[in-house]
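Raw entry.cif, mmCIF, C-alpha atoms and all ligand atoms:
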```cif
data_target
loop_
_atom_site.label_atom_id
_atom_site.label_comp_id
_atom_site.auth_asym_id
_atom_site.auth_seq_id
_atom_site.Cartn_x
_atom_site.Cartn_y
_atom_site.Cartn_z
CA MET A 88 6.94 -16.96 11.82
CA PRO A 89 6.21 -13.75 9.83
CA VAL A 90 6.13 -10.31 11.46
CA ARG A 91 2.42 -9.68 12.10
CA VAL A 92 1.50 -6.13 11.13
CA GLY A 93 -1.59 -4.07 12.02
CA LEU A 94 -2.50 -1.06 9.89
CA ILE A 95 -4.08 2.13 11.22
CA GLY A 96 -5.59 4.07 8.33
CA VAL A 97 -6.11 2.40 4.96
CA GLY A 98 -6.68 5.32 2.59
CA ASP A 99 -4.46 5.71 -0.49
CA MET A 100 -1.17 5.26 1.36
CA GLY A 101 -2.28 2.64 3.90
CA ALA A 102 -3.98 0.47 1.26
CA ALA A 103 -0.85 0.66 -0.92
CA HIS A 104 1.27 -0.42 2.06
CA VAL A 105 -1.05 -3.37 2.71
CA ARG A 106 -0.67 -4.48 -0.91
CA THR A 107 3.09 -3.98 -0.87
CA LEU A 108 3.50 -5.95 2.35
CA SER A 109 1.29 -8.81 1.20
CA THR A 110 2.77 -8.99 -2.31
CA TRP A 111 6.45 -8.21 -1.83
CA VAL A 112 7.39 -8.91 1.79
CA PRO A 113 7.03 -12.64 2.50
CA THR A 114 8.38 -12.19 6.03
CA ALA A 115 5.38 -10.00 6.93
CA SER A 116 1.70 -10.72 7.29
CA VAL A 117 -1.04 -8.07 7.55
CA VAL A 118 -3.29 -9.48 10.26
CA THR A 119 -5.63 -6.56 10.95
CA ALA A 120 -6.51 -2.99 9.96
CA TYR A 121 -8.57 -0.16 11.37
CA ASP A 122 -10.15 2.72 9.48
CA PRO A 123 -13.30 4.60 10.52
CA ASP A 124 -14.37 4.14 6.91
CA THR A 125 -15.38 0.53 7.54
CA ASP A 126 -16.11 -0.19 3.89
CA ARG A 127 -12.53 0.68 3.07
CA ALA A 128 -11.17 -1.38 5.97
CA THR A 129 -13.35 -4.33 5.01
CA ALA A 130 -12.25 -4.20 1.35
CA VAL A 131 -8.56 -3.94 2.20
CA CYS A 132 -8.69 -6.67 4.87
CA GLY A 133 -10.63 -8.84 2.44
CA GLU A 134 -7.74 -8.66 -0.05
CA VAL A 135 -5.25 -10.08 2.45
CA GLY A 136 -7.38 -12.17 4.78
CA GLY A 137 -6.97 -9.80 7.74
CA ARG A 138 -9.61 -8.92 10.29
CA VAL A 139 -11.26 -5.52 10.60
CA ALA A 140 -10.45 -3.91 13.94
CA GLY A 141 -12.91 -1.76 15.86
CA SER A 142 -10.38 0.91 16.90
CA ALA A 143 -6.77 1.97 16.64
CA THR A 144 -6.28 1.04 20.31
CA GLU A 145 -7.44 -2.50 19.59
CA ILE A 146 -4.65 -2.82 17.02
CA ILE A 147 -1.96 -1.34 19.25
CA GLU A 148 -2.94 -3.61 22.14
CA ALA A 149 -3.60 -6.81 20.14
CA GLY A 150 -1.49 -9.76 21.25
CA ASP A 151 -1.15 -11.02 17.68
CA VAL A 152 0.16 -7.67 16.33
CA ASP A 153 3.97 -7.48 16.42
CA ALA A 154 4.29 -4.10 14.69
CA VAL A 155 2.03 -1.21 13.73
CA LEU A 156 1.96 0.81 10.53
CA VAL A 157 0.35 4.24 10.96
CA ALA A 158 -1.10 5.73 7.75
CA ALA A 159 -3.87 7.77 9.37
CA PRO A 160 -4.17 11.55 8.75
CA ASP A 161 -1.19 13.62 9.91
CA PRO A 162 -2.83 15.21 13.01
CA LEU A 163 -3.35 11.73 14.52
CA HIS A 164 0.24 10.55 14.24
CA GLU A 165 1.54 11.90 17.55
CA GLU A 166 -1.15 10.30 19.72
CA LEU A 167 -0.91 6.99 17.86
CA VAL A 168 2.88 6.77 17.93
CA LEU A 169 3.00 7.67 21.63
CA ALA A 170 0.48 4.88 22.30
CA CYS A 171 2.65 2.43 20.31
CA ILE A 172 5.74 3.46 22.30
CA ALA A 173 3.80 3.02 25.57
CA ALA A 174 2.77 -0.47 24.41
CA GLY A 175 6.35 -1.32 23.34
CA LYS A 176 5.25 -1.90 19.71
CA PRO A 177 7.58 -1.10 16.81
CA THR A 178 5.89 1.44 14.53
CA LEU A 179 6.35 2.67 11.01
CA CYS A 180 4.65 6.07 11.02
CA GLU A 181 3.98 7.80 7.76
CA LYS A 182 5.47 11.26 7.43
CA PRO A 183 5.26 13.72 9.07
CA LEU A 184 6.04 12.18 12.43
CA THR A 185 3.77 14.83 13.99
CA THR A 186 2.36 18.16 12.87
CA SER A 187 4.57 20.29 15.14
CA ALA A 188 8.15 20.32 16.37
CA GLU A 189 6.84 20.29 19.95
CA GLY A 190 4.94 17.09 19.13
CA SER A 191 7.94 15.35 17.57
CA GLN A 192 10.03 16.39 20.59
CA ARG A 193 7.46 14.59 22.78
CA VAL A 194 7.81 11.45 20.66
CA VAL A 195 11.62 11.59 20.86
CA ASP A 196 11.42 12.14 24.65
CA ALA A 197 9.10 9.15 25.07
CA GLU A 198 11.32 6.90 22.97
CA VAL A 199 14.49 8.01 24.75
CA ALA A 200 12.78 7.46 28.13
CA GLY A 201 11.91 3.91 27.03
CA GLY A 202 15.57 3.35 26.13
CA ARG A 203 15.09 1.62 22.76
CA ARG A 204 14.30 2.53 19.20
CA LEU A 205 10.79 1.57 18.16
CA VAL A 206 9.80 4.25 15.66
CA GLN A 207 10.59 4.56 11.98
CA VAL A 208 9.29 7.45 9.86
CA GLY A 209 8.02 6.89 6.31
CA PHE A 210 10.67 8.98 4.52
CA MET A 211 10.66 6.55 1.61
CA ARG A 212 12.83 8.67 -0.67
CA ARG A 213 15.80 7.34 1.28
CA TYR A 214 15.00 3.98 -0.30
CA ASP A 215 14.32 5.21 -3.85
CA PRO A 216 17.06 3.70 -6.06
CA ALA A 217 17.65 6.96 -7.96
CA TYR A 218 17.91 9.03 -4.75
CA VAL A 219 20.27 6.46 -3.25
CA GLN A 220 22.49 6.71 -6.35
CA LEU A 221 22.36 10.50 -6.26
CA ARG A 222 23.47 10.47 -2.63
CA GLN A 223 26.35 8.09 -3.37
CA LEU A 224 27.40 10.26 -6.28
CA CYS A 225 27.49 13.34 -4.00
CA ALA A 226 29.49 11.41 -1.38
CA ASP A 227 31.95 10.25 -4.07
CA GLY A 228 32.49 13.86 -5.21
CA ALA A 229 31.46 12.95 -8.78
CA VAL A 230 30.23 16.51 -9.47
CA GLY A 231 32.79 18.16 -7.18
CA ASP A 232 31.70 20.03 -4.09
CA VAL A 233 27.92 20.50 -4.28
CA ARG A 234 27.00 24.19 -4.15
CA VAL A 235 23.27 24.22 -5.04
CA VAL A 236 20.35 21.77 -4.96
CA HIS A 237 17.13 22.40 -6.88
CA CYS A 238 14.05 20.43 -5.83
CA ILE A 239 10.60 20.28 -7.38
CA HIS A 240 7.61 18.57 -5.76
CA ARG A 241 4.35 18.80 -7.67
CA ASN A 242 1.01 17.04 -7.23
CA ALA A 243 -1.76 17.03 -9.80
CA ARG A 244 -4.38 17.88 -7.16
CA ALA A 245 -4.17 18.85 -3.52
CA HIS A 246 -5.41 16.39 -0.90
CA PRO A 247 -8.82 17.62 0.36
CA ALA A 248 -7.25 18.34 3.78
CA ALA A 249 -4.44 20.48 2.31
CA SER A 250 -3.61 23.75 4.08
CA SER A 251 -0.97 26.42 3.52
CA ASP A 252 1.03 25.32 6.59
CA GLY A 253 0.39 21.69 5.65
CA ILE A 254 2.10 22.20 2.28
CA ILE A 255 5.29 22.52 4.34
CA PHE A 256 4.56 19.91 7.04
CA ASN A 257 2.96 17.37 4.70
CA SER A 258 4.69 17.86 1.32
CA MET A 259 7.91 19.88 1.65
CA ILE A 260 8.75 17.66 4.64
CA HIS A 261 10.11 15.11 2.14
CA GLU A 262 12.70 17.58 0.86
CA LEU A 263 13.41 18.79 4.42
CA ASP A 264 14.46 15.23 5.22
CA ALA A 265 15.95 14.18 1.87
CA VAL A 266 18.25 17.14 1.24
CA PRO A 267 20.31 16.99 4.48
CA TRP A 268 20.46 13.21 4.00
CA LEU A 269 21.63 13.61 0.37
CA LEU A 270 24.35 16.09 1.26
CA ASP A 271 25.16 14.93 4.80
CA ASP A 272 24.79 18.61 5.67
CA PRO A 273 22.15 19.90 8.11
CA LEU A 274 19.71 22.65 7.16
CA ALA A 275 20.49 26.03 8.76
CA ALA A 276 17.87 28.56 7.61
CA ILE A 277 14.75 28.79 5.47
CA THR A 278 12.83 31.52 3.70
CA VAL A 279 9.48 30.58 2.17
CA HIS A 280 7.86 32.65 -0.57
CA ALA A 281 4.17 32.06 -1.31
CA PRO A 282 2.35 35.19 -2.40
CA GLY A 283 -0.98 33.44 -2.87
CA LEU A 284 -3.92 34.80 -4.82
CA PRO A 285 -6.61 36.98 -3.21
CA ASP A 286 -9.41 34.60 -4.23
CA ARG A 287 -7.69 31.45 -3.01
CA ALA A 288 -7.33 30.29 0.58
CA LEU A 289 -4.45 27.93 -0.17
CA ARG A 290 -1.04 29.57 -0.59
CA ASP A 291 0.12 27.35 -3.40
CA PRO A 292 2.67 27.11 -4.98
CA GLN A 293 5.37 27.78 -2.39
CA VAL A 294 9.06 28.25 -3.08
CA ALA A 295 11.61 27.89 -0.28
CA LEU A 296 15.21 29.07 -0.28
CA ILE A 297 17.18 27.01 2.22
CA GLU A 298 20.73 27.48 3.44
CA THR A 299 22.68 24.51 4.80
CA ALA A 300 25.19 24.59 7.65
CA GLY A 301 27.88 23.83 5.04
CA GLY A 302 27.00 26.93 3.00
CA ARG A 303 25.02 25.29 0.20
CA LEU A 304 21.85 26.80 -1.27
CA VAL A 305 18.70 24.75 -1.83
CA THR A 306 15.59 25.76 -3.72
CA VAL A 307 12.35 23.82 -3.20
CA GLU A 308 9.20 24.42 -5.25
CA VAL A 309 6.11 22.71 -3.89
CA PHE A 310 3.00 23.03 -6.05
CA VAL A 311 0.17 20.77 -4.90
CA ASN A 312 -2.29 21.82 -7.62
CA ALA A 313 0.04 21.55 -10.59
CA GLY A 314 -2.68 19.89 -12.66
CA TYR A 315 -0.60 17.88 -15.09
CA GLY A 316 0.66 15.13 -12.81
CA TYR A 317 2.87 13.99 -9.93
CA ASP A 318 6.39 15.16 -10.53
CA VAL A 319 9.36 15.00 -8.17
CA GLN A 320 12.67 16.36 -9.38
CA CYS A 321 16.05 16.95 -7.82
CA GLU A 322 19.22 18.37 -9.34
CA VAL A 323 22.51 18.84 -7.51
CA VAL A 324 24.92 21.39 -8.93
CA GLY A 325 28.57 20.90 -8.07
CA GLU A 326 31.80 22.66 -8.94
CA ARG A 327 32.58 20.11 -11.68
CA GLY A 328 29.17 19.08 -12.98
CA THR A 329 25.54 18.44 -12.18
CA ALA A 330 23.48 15.34 -11.46
CA ARG A 331 19.75 14.92 -11.35
CA LEU A 332 16.95 12.44 -11.09
CA THR A 333 15.72 11.90 -14.64
CA PRO A 334 12.46 13.83 -14.85
CA PRO A 335 9.70 13.03 -15.21
CA TYR A 336 9.53 9.41 -14.09
CA GLY A 337 7.34 7.77 -16.69
CA LEU A 338 6.92 6.24 -20.08
CA GLY A 339 8.38 7.54 -23.39
CA LEU A 340 5.58 8.21 -25.84
CA ARG A 341 5.74 9.27 -29.50
CA ARG A 342 2.33 10.09 -30.87
CA ASP A 343 0.53 12.63 -33.01
CA GLY A 344 3.81 14.23 -34.04
CA VAL A 345 5.02 14.66 -30.47
CA ASP A 346 7.99 12.92 -28.81
CA GLY A 347 7.19 13.10 -25.11
CA VAL A 348 7.22 11.36 -21.76
CA ALA A 349 3.95 10.51 -20.04
CA VAL A 350 3.73 11.89 -16.51
CA ILE A 351 2.10 9.68 -13.91
CA ASP A 352 -0.25 11.41 -11.48
CA ASP A 353 0.21 9.06 -8.58
CA PHE A 354 2.82 8.94 -5.81
CA VAL A 355 2.26 5.18 -5.36
CA ALA A 356 3.36 4.52 -8.95
CA ARG A 357 6.31 6.93 -8.82
CA PHE A 358 7.75 5.53 -5.61
CA ARG A 359 6.63 1.90 -5.96
CA ASP A 360 10.17 0.56 -5.69
CA ALA A 361 10.96 2.85 -2.78
CA TYR A 362 7.92 1.59 -0.83
CA ARG A 363 8.84 -2.03 -1.54
CA ILE A 364 12.41 -1.55 -0.38
CA GLU A 365 11.33 0.57 2.61
CA LEU A 366 8.85 -2.01 3.89
CA SER A 367 11.16 -4.97 3.22
CA ALA A 368 13.98 -3.24 5.09
CA TRP A 369 11.65 -2.27 7.96
CA VAL A 370 10.42 -5.85 8.42
CA ALA A 371 13.97 -7.25 8.09
CA SER A 372 15.16 -4.81 10.78
CA LEU A 373 12.34 -5.95 13.10
CA VAL A 374 13.32 -9.59 12.56
CA ALA A 375 16.88 -8.56 13.49
CA GLY A 376 15.57 -6.71 16.57
CA THR A 377 15.57 -2.92 16.00
CA PRO A 378 14.31 -0.55 13.31
CA THR A 379 17.23 1.00 11.46
CA GLY A 380 15.50 3.31 8.97
CA PRO A 381 14.71 7.02 9.37
CA SER A 382 14.24 7.52 13.10
CA ALA A 383 12.01 9.63 15.31
CA TRP A 384 15.02 11.94 15.56
CA ASP A 385 15.07 12.29 11.75
CA GLY A 386 11.33 13.02 11.89
CA HIS A 387 11.96 15.64 14.56
CA ARG A 388 14.82 17.28 12.63
CA ALA A 389 12.59 17.56 9.55
CA ASN A 390 9.84 19.00 11.74
CA LEU A 391 12.21 21.65 13.16
CA ALA A 392 12.88 22.74 9.58
CA ALA A 393 9.16 22.61 8.73
CA SER A 394 8.29 24.64 11.79
CA ALA A 395 10.84 27.29 10.77
CA GLY A 396 9.34 27.18 7.27
CA VAL A 397 5.84 27.82 8.60
CA GLU A 398 7.14 30.76 10.64
CA SER A 399 8.76 32.15 7.49
CA LEU A 400 5.54 31.64 5.52
CA HIS A 401 3.71 33.86 8.03
CA THR A 402 6.43 36.44 8.75
CA TYR A 403 7.84 36.68 5.20
CA GLY A 404 11.33 36.50 6.70
CA ARG A 405 14.38 34.23 6.95
CA VAL A 406 14.14 31.87 9.92
CA ALA A 407 17.07 29.99 11.46
CA ILE A 408 16.59 26.22 11.87
CA PRO A 409 17.64 24.94 15.31
CA HIS A 410 20.34 22.30 15.41
CA PRO A 411 19.98 20.49 18.77
CA ASP A 412 22.33 17.76 19.98
CA ARG A 413 21.39 14.26 18.85
CA PRO A 414 20.46 12.06 21.83
CA ALA A 415 22.71 9.03 22.35
CA LEU A 416 19.89 6.66 21.33
CA TYR A 417 20.12 7.97 17.76
CA ARG A 418 23.93 7.99 17.32
N1 LIG B 501 5.35 8.64 2.21
C1 LIG B 501 4.57 9.02 1.23
O1 LIG B 501 4.99 9.04 0.08
C2 LIG B 501 3.16 9.43 1.50
C3 LIG B 501 2.29 9.66 0.42
C4 LIG B 501 0.97 9.99 0.72
C5 LIG B 501 0.53 10.10 2.01
N2 LIG B 501 1.41 9.90 3.03
C6 LIG B 501 0.96 10.02 4.42
O2 LIG B 501 0.13 8.90 4.70
C7 LIG B 501 -0.94 9.29 5.56
C8 LIG B 501 -2.27 8.96 4.89
O3 LIG B 501 -2.34 9.70 3.68
P1 LIG B 501 -3.32 9.23 2.50
O4 LIG B 501 -2.84 9.89 1.27
O5 LIG B 501 -3.47 7.76 2.52
O6 LIG B 501 -4.66 9.93 2.95
P2 LIG B 501 -6.16 9.40 2.70
O7 LIG B 501 -7.04 10.55 2.99
O8 LIG B 501 -6.24 8.72 1.38
O9 LIG B 501 -6.34 8.27 3.82
C9 LIG B 501 -6.43 8.55 5.19
C10 LIG B 501 -7.24 7.43 5.82
O10 LIG B 501 -7.21 7.60 7.24
C11 LIG B 501 -8.51 7.29 7.70
N3 LIG B 501 -8.74 7.84 9.03
C12 LIG B 501 -9.40 8.98 9.38
N4 LIG B 501 -9.46 9.07 10.74
C13 LIG B 501 -8.82 7.97 11.23
C14 LIG B 501 -8.58 7.48 12.53
N5 LIG B 501 -9.02 8.15 13.62
N6 LIG B 501 -7.91 6.32 12.69
C15 LIG B 501 -7.49 5.62 11.61
N7 LIG B 501 -7.70 6.03 10.33
C16 LIG B 501 -8.35 7.20 10.15
C17 LIG B 501 -9.45 7.84 6.64
O11 LIG B 501 -10.75 7.25 6.72
C18 LIG B 501 -8.71 7.45 5.38
O12 LIG B 501 -9.08 6.16 4.92
C19 LIG B 501 -0.74 10.78 5.84
O13 LIG B 501 -0.04 10.94 7.04
C20 LIG B 501 0.12 11.24 4.68
O14 LIG B 501 0.92 12.36 5.01
C21 LIG B 501 2.69 9.54 2.80
#
```

Once more with this new file: its structure as structure tokens, please.
Ligand SMILES: NC(=O)c1ccc[n+]([C@@H]2O[C@H](COP(=O)([O-])OP(=O)(O)OC[C@H]3O[C@@H](n4cnc5c(N)ncnc54)[C@H](O)[C@@H]3O)[C@@H](O)[C@H]2O)c1
Amino acid sequence: MPVRVGLIGVGDMGAAHVRTLSTWVPTASVVTAYDPDTDRATAVCGEVGGRVAGSATEIIEAGDVDAVLVAAPDPLHEELVLACIAAGKPTLCEKPLTTSAEGSQRVVDAEVAGGRRLVQVGFMRRYDPAYVQLRQLCADGAVGDVRVVHCIHRNARAHPAASSDGIIFNSMIHELDAVPWLLDDPLAAITVHAPGLPDRALRDPQVALIETAGGRLVTVEVFVNAGYGYDVQCEVVGERGTARLTPPYGLGLRRDGVDGVAVIDDFVARFRDAYRIELSAWVASLVAGTPTGPSAWDGHRANLAASAGVESLHTYGRVAIPHPDRPALYR
């Protein structure tokens, strides 16, 4: 019997998840989806033989839905995940878990009160083969003790809902989760620089300088209107060498006298393998009984860093990142 999944939100990310589940995860079946854009929901359900739901609540409460995948806009995540916890439904919620640290604390509190892990957060970089190798290499000491990490996160065009604070909560959130995971070293303080231009509402690009509890330095450039493509880079600098994801992730092209590498402009293409592995692992963990991927606590820890980043963006100062005790449920 496959794990029967209901999707809430089938825009770019949700539709890609539907296709990944139906194509690559034979132990899952997409049975229903809800999106207020009914044309979109109808098209996506039509591809996989699912039914179009009339509301998110209908999906969460449906007897034939074993697990819910939330890919609705960020501000809706908290309410939807809390409803899934109340209904006892395992949930993969796209990042960020919520749009505030107070909100993610409420999710953690609800899950802890229920006494079992139900929530996984869509931090798919933890499943990207190159990131996984980079993390292993750091753990093995292949470049010596890591002293600095440089991260770059560029999009060709900003999402229409992009905001200056959202650049941190929606985009930089990936680095705020991935870097402490890569180094096994929590983030301790953040300073965000984003001068902005007088004629532009969006403060983009933003560059953050982050200090870890272990005394490492991390730089993160997020540029959501970089124009040329989608480009995620990461380099770790150790005392004996450096290691990096090979940038950009694309196709070698020699043409018109130029030897270059084509840059894709699409996160789905860049992280295709990561999404496949993420969703396969999520469904396998549900078959085994409990989600084991990035937890609500991981989502909350990233949100604490993002919240400090937003404060820094507005105060132009260095902001300490709280480091609360991990509840027993997440040990
Ligand atoms: N992990 C990743 O790599 C990654 C990449 C992109 C987006 N995301 C996340 O996925 C989520 C969706 O992003 P996207 O790029 O697909 O955005 P999108 O704008 O393409 O899609 C959002 C969809 O949500 C729908 N929606 C609006 N209100 C809704 C509601 N009340 N209930 C259900 N659906 C509703 C919209 O109609 C739209 O189809 C966001 O949380 C985003 O942060 C994650």

Within 10 Å of range 281-305 of chain A, which residues of range 162-236 of chain A show up? Give each one with its shortest atom-to-atom distance in Å (one decimal) and the two atoms involved, counting only C-alpha atoms, rows by chain then rising residue number, as JSON lines.
```
{"residue": "A:Asp232", "atom": "CA", "partner": "A:Arg303", "partner_atom": "CA", "distance": 9.5}
{"residue": "A:Val233", "atom": "CA", "partner": "A:Arg303", "partner_atom": "CA", "distance": 7.2}
{"residue": "A:Arg234", "atom": "CA", "partner": "A:Arg303", "partner_atom": "CA", "distance": 4.9}
{"residue": "A:Val235", "atom": "CA", "partner": "A:Leu304", "partner_atom": "CA", "distance": 4.8}
{"residue": "A:Val236", "atom": "CA", "partner": "A:Val305", "partner_atom": "CA", "distance": 4.6}
```

Students should find that CA of Ser187 in chain A and atom N2 of ligand LIG 501 (chain B) are spaced 16.3 Å

Show me the residues around (5.5, 9.8, -16.3) - criterion: an atom at most 9 Å away, all atoms listed in the file counted - as a VMD selection string.
chain A and resid 316 to 318 334 to 339 348 to 352 357

Point (3.5, -9.2, 12.9) neighbourhood (10 Å, only C-alpha atoms) written as a list of chain:residue names =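 Within 10 Å of (3.5, -9.2, 12.9), the protein and nucleic acid residues are A:Met88, A:Pro89, A:Val90, A:Arg91, A:Val92, A:Gly93, A:Thr114, A:Ala115, A:Ser116, A:Val117, A:Val118, A:Thr119, A:Gly150, A:Asp151, A:Val152, A:Asp153, A:Ala154, A:Val155, A:Pro177, A:Val370, A:Leu373, A:Val374.
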
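Of the listed residues (A:Phe354, A:His280, A:Gly141, A:Met211), A:Phe354 comes nearest to Ala243 in chain A; the distances count all atoms listed in the file.
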
Nearby residues (all atoms listed in the file) at most 8 Å from range 375-386 of chain A, same-chain spacing under 2 positions excluded, as a list of chain:residue names: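 Result of the neighbour search: A:Pro177, A:Lys182, A:Pro183, A:Leu184, A:Ser191, A:Val194, A:Val195, A:Arg204, A:Leu205, A:Val206, A:Gln207, A:Val208, A:Gly209, A:Phe210, A:Asp264, A:Ala368, A:Trp369, A:Ala371, A:Ser372, A:Leu373, A:Arg388, A:Ala389, A:Asn390, A:Arg413, A:Tyr417.
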
Residue with the minimum atom-to-atom distance to ligand LIG 501 (chain B), picked from A:Pro267, A:Gly228, A:Pro247, A:Gly137 with all atoms listed in the file counted, is A:Pro247

- prompt: Residues at most 10 Å from Val309 in chain A, counting all atoms listed in the file, excluding those fewer than 3 positions away in the same chain, as an NGL selection string?
  reply: :A and (238-242 or 254-255 or 258-259 or 262 or 281 or 291-295 or 306 or 312-313 or 319)

What would the file look like if the residues just selected were written as an mmCIF file, in the frame of the given file with C-alpha atoms?
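Output contents, as saved in result-v1.cif:
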```cif
data_model
loop_
_atom_site.group_PDB
_atom_site.id
_atom_site.type_symbol
_atom_site.label_atom_id
_atom_site.label_comp_id
_atom_site.auth_asym_id
_atom_site.auth_seq_id
_atom_site.Cartn_x
_atom_site.Cartn_y
_atom_site.Cartn_z
ATOM 1 C CA CYS A 238 14.050 20.430 -5.830
ATOM 2 C CA ILE A 239 10.600 20.280 -7.380
ATOM 3 C CA HIS A 240 7.610 18.570 -5.760
ATOM 4 C CA ARG A 241 4.350 18.800 -7.670
ATOM 5 C CA ASN A 242 1.010 17.040 -7.230
ATOM 6 C CA ILE A 254 2.100 22.200 2.280
ATOM 7 C CA ILE A 255 5.290 22.520 4.340
ATOM 8 C CA SER A 258 4.690 17.860 1.320
ATOM 9 C CA MET A 259 7.910 19.880 1.650
ATOM 10 C CA GLU A 262 12.700 17.580 0.860
ATOM 11 C CA ALA A 281 4.170 32.060 -1.310
ATOM 12 C CA ASP A 291 0.120 27.350 -3.400
ATOM 13 C CA PRO A 292 2.670 27.110 -4.980
ATOM 14 C CA GLN A 293 5.370 27.780 -2.390
ATOM 15 C CA VAL A 294 9.060 28.250 -3.080
ATOM 16 C CA ALA A 295 11.610 27.890 -0.280
ATOM 17 C CA THR A 306 15.590 25.760 -3.720
ATOM 18 C CA ASN A 312 -2.290 21.820 -7.620
ATOM 19 C CA ALA A 313 0.040 21.550 -10.590
ATOM 20 C CA VAL A 319 9.360 15.000 -8.170
#
```

Worksheet item: Given the choices A:His387, A:Asp353, A:Asp124, A:Leu269, which gets closest to Ala245 in chain A if the distance is worked out from all atoms listed in the file?
Response: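 Closest to Ala245 in chain A, using all atoms listed in the file: A:Asp353.
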
Taking all atoms of range 247-250 of chain A that appear in the file, build a box with edges along x, y and z, extend it by 4 Å on every side, and state its centre and edge lengths in Å to one decimal, as JSON.
```
{"center_x": -6.2, "center_y": 20.7, "center_z": 2.2, "size_x": 13.2, "size_y": 14.1, "size_z": 11.7}
```

Please identify all protein, DNA and RNA residues within 8 Å of ligand LIG 501 (chain B), counting only C-alpha atoms and all ligand atoms, and report them as a compact mmCIF listing (two decimals) with C-alpha atoms, keeping the file's coordinate frame.
```txt
# COMPACT_ATOMS: atom_id res chain seq x y z
CA ILE A 95 -4.08 2.13 11.22
CA GLY A 96 -5.59 4.07 8.33
CA VAL A 97 -6.11 2.40 4.96
CA GLY A 98 -6.68 5.32 2.59
CA ASP A 99 -4.46 5.71 -0.49
CA MET A 100 -1.17 5.26 1.36
CA GLY A 101 -2.28 2.64 3.90
CA ALA A 102 -3.98 0.47 1.26
CA TYR A 121 -8.57 -0.16 11.37
CA ASP A 122 -10.15 2.72 9.48
CA PRO A 123 -13.30 4.60 10.52
CA ASP A 124 -14.37 4.14 6.91
CA ARG A 127 -12.53 0.68 3.07
CA ALA A 128 -11.17 -1.38 5.97
CA SER A 142 -10.38 0.91 16.90
CA ALA A 143 -6.77 1.97 16.64
CA VAL A 157 0.35 4.24 10.96
CA ALA A 158 -1.10 5.73 7.75
CA ALA A 159 -3.87 7.77 9.37
CA PRO A 160 -4.17 11.55 8.75
CA ASP A 161 -1.19 13.62 9.91
CA PRO A 162 -2.83 15.21 13.01
CA LEU A 163 -3.35 11.73 14.52
CA HIS A 164 0.24 10.55 14.24
CA CYS A 180 4.65 6.07 11.02
CA GLU A 181 3.98 7.80 7.76
CA LYS A 182 5.47 11.26 7.43
CA PRO A 183 5.26 13.72 9.07
CA GLY A 209 8.02 6.89 6.31
CA PHE A 210 10.67 8.98 4.52
CA MET A 211 10.66 6.55 1.61
CA ARG A 212 12.83 8.67 -0.67
CA HIS A 246 -5.41 16.39 -0.90
CA PRO A 247 -8.82 17.62 0.36
CA ALA A 248 -7.25 18.34 3.78
CA ASN A 257 2.96 17.37 4.70
CA SER A 258 4.69 17.86 1.32
CA PHE A 354 2.82 8.94 -5.81
CA VAL A 355 2.26 5.18 -5.36
CA PHE A 358 7.75 5.53 -5.61
```

Taken to one decimal, the CA of Gly133 in chain A-CA of Trp111 in chain A distance is 17.6 Å

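When all atoms listed in the file are used to compute distances to Pro273 in chain A, the closest of the residues A:Arg405, A:Arg342, A:His410, A:His237 turns out to be A:His410.
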
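The interatomic distance for the pair CA of Ala229 in chain A and CA of Gly328 in chain A works out to 7.8 Å.
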
Tell me which of A:Leu391, A:Leu156, A:Cys132, A:Arg327 sits closest to Thr186 in chain A, counting only C-alpha atoms.
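Using only C-alpha atoms, the shortest distance to Thr186 in chain A belongs to A:Leu391.
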
Determine the nearest neighbour of Thr402 in chain A from the options A:Glu326, A:Leu332, A:Pro216, A:Ile277, counting all atoms listed in the file.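 Result for the nearest residue to Thr402 in chain A: A:Ile277.
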